[in-house]
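First up is the structure itself, then whatever we jot down about it.
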Amino acid sequence: MPEMSAVGKPPVIAVTAADLDDDGAGVGTVDGRQWHVPELVPGESAEVAAVHHSPHQPASWGRIVARTSPPSADRARPVCPAFGRCGGCPWQHVAYPAQLAAKHRRVQRALGDLAAVAPPIAAPSPIHYRAKGKYVAGRTDGHLALGAWARDRHAFVDTAGCQLVVPAIDRVRGAIVAAAAGARLAPADERRRTGHLRYAIVRAARDGRVLVGLVVHGATPPAIMAATAAALTAAAPEVVGVVRLDNDRTDGGLLDQPPTPLAGAMTLDDQVAGVPVALGASEFAQVNPAQADALYAHVAALAEATAATRAVDVYAGLGGIAFALARAGATVTAIERDASAIAALTAAATRAGLAVTGEVGDAARLAGFPAVDLVVVNPPRKGCSPATLAAATASSAQRLIYVSCGPESLGRDLAALVAAGWRVDHAQPFDLMPATSQIETVVRLVR
Ligand SMILES: C[S@@+](CC[C@H](N)C(=O)[O-])C[C@H]1O[C@@H](n2cnc3c(N)ncnc32)[C@H](O)[C@@H]1O
């Protein structure tokens with residue numbers, strides 16, 4: 001802990017940042033304590049005054065009192081007008097190669113001695129990659145605006161001009177704002193439970209066509225919604241469909257009632273792993289489709305699948321991994337708890353003539369498929385359930401590919417798998433979300 005440096009002055013401590021935390025603060029270790037310092041980029045030093053000491057771990061948060069080094073060459077000019085206020089992409093002030101280096105350190109730290117981690121494969125573009133925007137409705141200068149919750153407080157930030165979404169999404173965001181104003185569609189006031197629009201979901205296909213989901217309170221008059229959708233489709237010809245999603249939930253959940261049509265199509269035709277799919281407004285799909293396809297191709301190459309391969313894709317989502325394996329010749333069972341995703345996956349596989357069978361249910365259903373050659377798991381951030389890991393080990397699979405979006409849960413699960421007799425022979429991070437701390441990792445295990 002810092003000593004008082006002089007009578008009447010706040011105690012300061014010299015910190016040199018060596019890493020980045022999830023919020024984009026520089027992190028430096030002094031006497032075994034990790035100091036998180038906003039606006040300090042790795043490689044930079046400063047005198048820092050304490051703002052908060054964690055009561056649970058040797059970690060403190062501080063603010064810069066004086067900079068004691070020149071700016072790092074890894075500093076970058078943030079591209080979004082709302083950077084610093086919007087909580088979405090807090091690593092924009094760091095150059096992309098330094099972001100990748102920080103992600104590499106994070107995965108290697110999480111995997112420790114379990115694997116030598118390769119440097120991450122960079123996204124094709126560090127900006128304009130997000131194919132889906134989920135906007136919160138709020139007010140700017142008294143008018144409806146679309147944006148996000150602020151990073152450190154429950155306040156609305158207008159994210160007009162966001163550079164992380166594909167340009168069509170920001171254009172359509174502006175068209176929704178204009179259409180809503182003309183139709184008197186008001187932003188919802190979550191505390192008073194008044195108003196109409198809670199969120200807008202804007203999804204873009206690779207060919208530039210866009211699907212819009214308007215998430216509204218159930219009492220929103222149909223005439224207002226119809227007028228908004230008509231004005232929006234007239235102003236933005238790339239919008240192929242507008243759907244209404246009624247939602248009176250208070251827990252932040254996006255899904256409540258199934259969508260109802262307002263204009264045009266209910267789904268957007270796009271591709272996952274090269275297979276045509278019809279995506280709904282709120283369905284889970286990887287936000288960076290080009291990089292997700294690269295990841296799926298990598299999984300298929302690691303699997304060395306042939307026409308004789310029997311594979312199970314667990315936590316299958318819309319089936320990107322299953323499709324990539326089936327296109328390489330494998331016969332695949334796809335397990336996923338979201339019935340609508342399995343319906344979309346099954347329809348797409350049937351249309352494409354791929355040998356993929358969908359199973360709606362918990363990941364632990366893997367135990368029902370013991371006679372397989374390959375298991376692939378791609379769980380949510382918290383990792384796999386012990387029952388799923390045990391089922392993979394109990395199966396006859398000689399290869400297990402683990403695709404993870406949570407390096408720390410991956411480290412935990414790999415330790416359990418290694419203890420159960422598996423060995424890691426490949427660990428390759430893929431960056432799907434530049435300007436954030438998020439990182440996917442593909443790991444192959446053999447017996
Ligand atoms: C990280 S996503 C991966 C989806 C897909 N593999 C992809 O590449 O898009 C995780 C998926 O697991 C599903 N899921 C979460 N928990 C599950 C569980 N306990 N059993 C089955 N599926 C689950 C989610 O619905 C989601 O589709």
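Naming works like this for the structure tokens: A, B, ... for the chains as they're shown, residue 1 at the start of each chain, ligands 1 onward in shown order.
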
I'd like the neighbourhood of Arg184 (chain A) as a list in words, where a residue qualifies if any of its atoms comes within 9 Å (using only C-alpha atoms), though same-chain residues fewer than 4 positions away should be ignored.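 Residues near the query, excluding close chain neighbours: Ala179, Ala180, Ile224, Ala227 and Thr228 of chain A.
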
Write out the residues from the selection above, keeping C-alpha atoms, as a CSV table (one decimal), in the first residue's frame.
```csv
chain,number,residue,atom,x,y,z
A,179,ALA,CA,-39.2,7.0,-38.5
A,180,ALA,CA,-40.0,6.7,-34.7
A,224,ILE,CA,-47.8,3.5,-34.0
A,227,ALA,CA,-46.6,3.8,-39.0
A,228,THR,CA,-43.0,3.4,-37.7
```

If you run DSSP over the backbone, which residues in region 56-262 of chain A end up strand (DSSP E)? Put them as a PyMOL selection string. chain A and resi 59-67+132-140+143-149+156-158+197-204+210-216+239-246+260-262

Around ligand 1, which protein and nucleic acid residues have at least one atom no more than 10 Å from it, if we count only C-alpha atoms and all ligand atoms? List them as JSON, numbers by chain. {"A": [272, 273, 283, 284, 285, 286, 287, 289, 292, 293, 295, 296, 313, 314, 315, 316, 317, 318, 319, 320, 321, 322, 334, 335, 336, 337, 338, 339, 340, 341, 342, 359, 360, 361, 362, 363, 364, 365, 366, 376, 377, 378, 379, 380, 381, 382, 383, 384, 385, 388, 403, 404, 405, 406, 440]}

With only C-alpha atoms as the counted atoms, please give the residues lying no more than 12 Å from His52 (chain A), apart from itself and same-chain residues fewer than 4 positions off, as a VMD selection string. chain A and resid 1 34 to 37 48 56 to 63

Name the residues in contact with region 414-427 of chain A at a cut-off of 6 Å, using only C-alpha atoms, excluding same-chain residues fewer than 6 positions from it; report them as a PyMOL selection string. chain A and resi 117+442-447

Give one line per residue of region 38-67 of chain A that approaches region 100-112 of chain A to at most 12 Å, naming the two atoms of the closest pair and their distance in Å to one decimal, counting only C-alpha atoms; sort by chain then ascending residue number and deliver it as JSON lines.
```
{"residue": "A:Val41", "atom": "CA", "partner": "A:Ala102", "partner_atom": "CA", "distance": 11.0}
{"residue": "A:Pro42", "atom": "CA", "partner": "A:Ala102", "partner_atom": "CA", "distance": 9.0}
{"residue": "A:Gly43", "atom": "CA", "partner": "A:Ala102", "partner_atom": "CA", "distance": 11.9}
```

List every residue of region 86-273 of chain A that DSSP, applied to the backbone, labels as helix (DSSP H, G or I), and write the result as a PyMOL selection string. chain A and resi 96-114+167-183+222-235
